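So the structure is just underneath, and the comments pick up after that.
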Amino acid sequence: MPVPARAADFALRFALALVLFYASADKLLHPQDFAAIVKGYHVLPDALINPVAIWLPWLELALGLSLVSGFWSEGAATLTAGLFGAFWLLMIVSWARGIDVGCGCFSTKPADPGAEPVSMLYYIGRDAVLFGLALFTAWVRLKAVGEGGE
């Protein structure tokens with residue numbers, strides 16, 4: 001892979017890793033609060049809420065570490081795209097069902113009472129951008145492997 005392509009690949013992986021690190025931080029520190037957010041989506045049976053609330057932030061952290069280190073980065077980029085795609089679809093389904101979950105993507109804290117509420121359409125748009133970035137990163141990584149790159 002030429003140097004400019006290698007630099008772009010790293011920049012994409014680094015950007016995704018930063019998003020994943022940021023997303024995992026508050027959830028790792030407040031798993032009970034995150035479990036309440038997961039429950040608010042009304043898509044999982046009660047028996048799966050705590051396992052998802054505990055394991056999802058660790059998965060986000062592990063994917064970020066893999067992307068930044070380059071170790072198993074093809075798989076990490078692909079899994080990240082799948083994860084972001086699932087989050088995007090979950091936002092769309094929640095919006096369509098009339099459920100305003102307040103996302104819980106990057107913080108487990110409720111919005112300030114005086115703050116303007118954030119539209120679910122904002123979260124859907126943001127998640128679409130992250131999904132697109134992750135898909136593009138996975139494509140770049142898999143293309144590099146297919147061409148005999150890293």
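The chains in the structure tokens are called A, B, ... from first to last as shown; in each chain the residues are counted from 1, and the ligands are counted from 1 in the order shown.
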* Any idea what's packed within 9 Å of Asp33 in chain A, counting only C-alpha atoms, ignoring anything in its chain fewer than 5 positions away? Could you give it as a list in words? -> Lys27, Val38, Ala53, Thr108 and Lys109 of chain A
* **Shell of 10 Å around Leu83 in chain A, only C-alpha atoms, local chain residues under 4 positions omitted, as a PyMOL selection string** => chain A and resi 56+59-60+77-79+87-89+131+134
* Just how far from CA of Phe71 in chain A is CA of Thr137 in chain A, in Å to one decimal? ->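 These two atoms are separated by 14.5 Å.
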If we count only C-alpha atoms and set the cut-off at 10 Å, which residues sit around Ser107 in chain A, ignoring sequence neighbours fewer than 6 positions away in its own chain? Please answer as a PDB file with C-alpha atoms, in the first residue's frame.
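Saved as around.pdb:
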ATOM      1  CA  TYR A  22     -15.365   7.714  23.668  1.00  0.00           C
ATOM      2  CA  ALA A  23     -18.487   5.571  23.336  1.00  0.00           C
ATOM      3  CA  SER A  24     -17.191   2.925  25.723  1.00  0.00           C
ATOM      4  CA  ALA A  25     -15.808   5.161  28.488  1.00  0.00           C
ATOM      5  CA  ASP A  26     -18.951   6.288  30.323  1.00  0.00           C
ATOM      6  CA  LYS A  27     -20.672   2.929  29.796  1.00  0.00           C
ATOM      7  CA  HIS A  30     -21.654   3.262  34.819  1.00  0.00           C
ATOM      8  CA  ASP A  33     -27.076   3.378  34.090  1.00  0.00           C
ATOM      9  CA  PHE A  34     -26.261   1.925  30.688  1.00  0.00           C
ATOM     10  CA  ILE A  37     -30.761   2.831  28.668  1.00  0.00           C
TER      11      ILE A  37
END
* 12 Å contact set for Phe10 in chain A, only C-alpha atoms, chain neighbours under 3 positions out, as a VMD selection string -> chain A and resid 1 3 to 7 13 to 17 66 to 70 73 77 137 to 138 140 to 141 150
Any chance you can output those residues with N, CA and C atoms as a CSV table (one decimal), in the first residue's frame?
chain,number,residue,atom,x,y,z
A,1,MET,N,0.9,-1.2,0.0
A,1,MET,CA,0.0,0.0,0.0
A,1,MET,C,0.9,1.2,0.0
A,3,VAL,N,2.3,5.1,0.6
A,3,VAL,CA,2.4,5.8,1.8
A,3,VAL,C,1.1,6.7,2.0
A,4,PRO,N,0.6,7.4,1.0
A,4,PRO,CA,-0.6,8.2,1.2
A,4,PRO,C,-1.8,7.3,1.5
A,5,ALA,N,-1.9,6.2,0.8
A,5,ALA,CA,-3.0,5.3,1.1
A,5,ALA,C,-2.9,4.7,2.5
A,6,ARG,N,-1.7,4.4,2.9
A,6,ARG,CA,-1.4,3.9,4.3
A,6,ARG,C,-1.8,4.9,5.3
A,7,ALA,N,-1.5,6.2,5.1
A,7,ALA,CA,-1.8,7.3,6.0
A,7,ALA,C,-3.3,7.5,6.1
A,13,ARG,N,-9.0,4.5,10.5
A,13,ARG,CA,-9.0,3.6,11.6
A,13,ARG,C,-8.9,4.3,13.0
A,14,PHE,N,-8.0,5.4,13.0
A,14,PHE,CA,-7.9,6.1,14.2
A,14,PHE,C,-9.1,6.9,14.6
A,15,ALA,N,-9.8,7.5,13.5
A,15,ALA,CA,-11.0,8.2,13.8
A,15,ALA,C,-12.1,7.3,14.4
A,16,LEU,N,-12.2,6.1,13.8
A,16,LEU,CA,-13.2,5.2,14.3
A,16,LEU,C,-12.9,4.7,15.7
A,17,ALA,N,-11.6,4.5,15.9
A,17,ALA,CA,-11.1,4.1,17.3
A,17,ALA,C,-11.5,5.1,18.3
A,66,SER,N,-8.1,-2.6,18.5
A,66,SER,CA,-7.7,-3.4,17.3
A,66,SER,C,-7.5,-2.4,16.1
A,67,LEU,N,-8.4,-1.5,16.0
A,67,LEU,CA,-8.3,-0.5,14.9
A,67,LEU,C,-7.0,0.3,15.0
A,68,VAL,N,-6.8,0.8,16.2
A,68,VAL,CA,-5.6,1.7,16.4
A,68,VAL,C,-4.3,0.9,16.3
A,69,SER,N,-4.3,-0.3,16.7
A,69,SER,CA,-3.0,-1.1,16.7
A,69,SER,C,-2.8,-1.7,15.3
A,70,GLY,N,-3.8,-1.9,14.6
A,70,GLY,CA,-3.7,-2.5,13.3
A,70,GLY,C,-3.8,-4.1,13.4
A,73,SER,N,-7.2,-5.7,12.2
A,73,SER,CA,-8.0,-4.5,11.9
A,73,SER,C,-9.0,-4.7,10.8
A,77,ALA,N,-12.6,-3.6,11.7
A,77,ALA,CA,-13.4,-2.6,10.9
A,77,ALA,C,-14.7,-3.2,10.4
A,137,THR,N,-14.1,2.3,5.9
A,137,THR,CA,-12.9,1.8,6.5
A,137,THR,C,-12.8,0.3,6.3
A,138,ALA,N,-13.8,-0.4,6.5
A,138,ALA,CA,-13.8,-1.9,6.3
A,138,ALA,C,-13.4,-2.2,4.8
A,140,VAL,N,-11.7,-0.3,2.7
A,140,VAL,CA,-10.3,0.1,2.5
A,140,VAL,C,-9.4,-1.1,3.1
A,141,ARG,N,-9.8,-1.5,4.3
A,141,ARG,CA,-8.9,-2.6,4.9
A,141,ARG,C,-9.0,-3.9,4.1
A,150,GLU,N,-1.1,-5.0,3.6
A,150,GLU,CA,-0.9,-5.5,5.0
A,150,GLU,C,-1.7,-6.6,5.4
* Restricting the calculation to only C-alpha atoms, which member of A:Gly64, A:Ala86, A:Gly132, A:Gly40 is positioned closest to Asp100 in chain A? ->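 That would be A:Gly40, the residue with the smallest distance to Asp100 in chain A.
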* **Between CA of Val101 in chain A and CA of Phe136 in chain A - distance in Å to one decimal** => 27.7 Å
* Structure fact -> The distance between CA of Leu90 in chain A and CA of Tyr41 in chain A is 8.2 Å
* **Test item: residues at most 8 Å from range 121-123 of chain A, only C-alpha atoms, excluding those fewer than 6 positions along its chain, as a PyMOL selection string** => chain A and resi 91+95+103
* Asked: Hey, which of A:Val52, A:Lys143, A:Leu133, A:Asp9 ends up closest to Ala81 in chain A? Count only C-alpha atoms.
  ->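 Distance minimum relative to Ala81 in chain A lands on A:Leu133.
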* Check the DSSP output for the backbone and give back, as a VMD selection string, the residues of chain A in alpha helix (DSSP H). => chain A and resid 3 to 29 31 to 40 46 to 69 73 to 96 120 to 146
* Measuring atom to atom with only C-alpha atoms, identify which of A:Gly75, A:Pro57, A:Pro117, A:Pro45 is nearest to Val19 in chain A. => A:Pro57
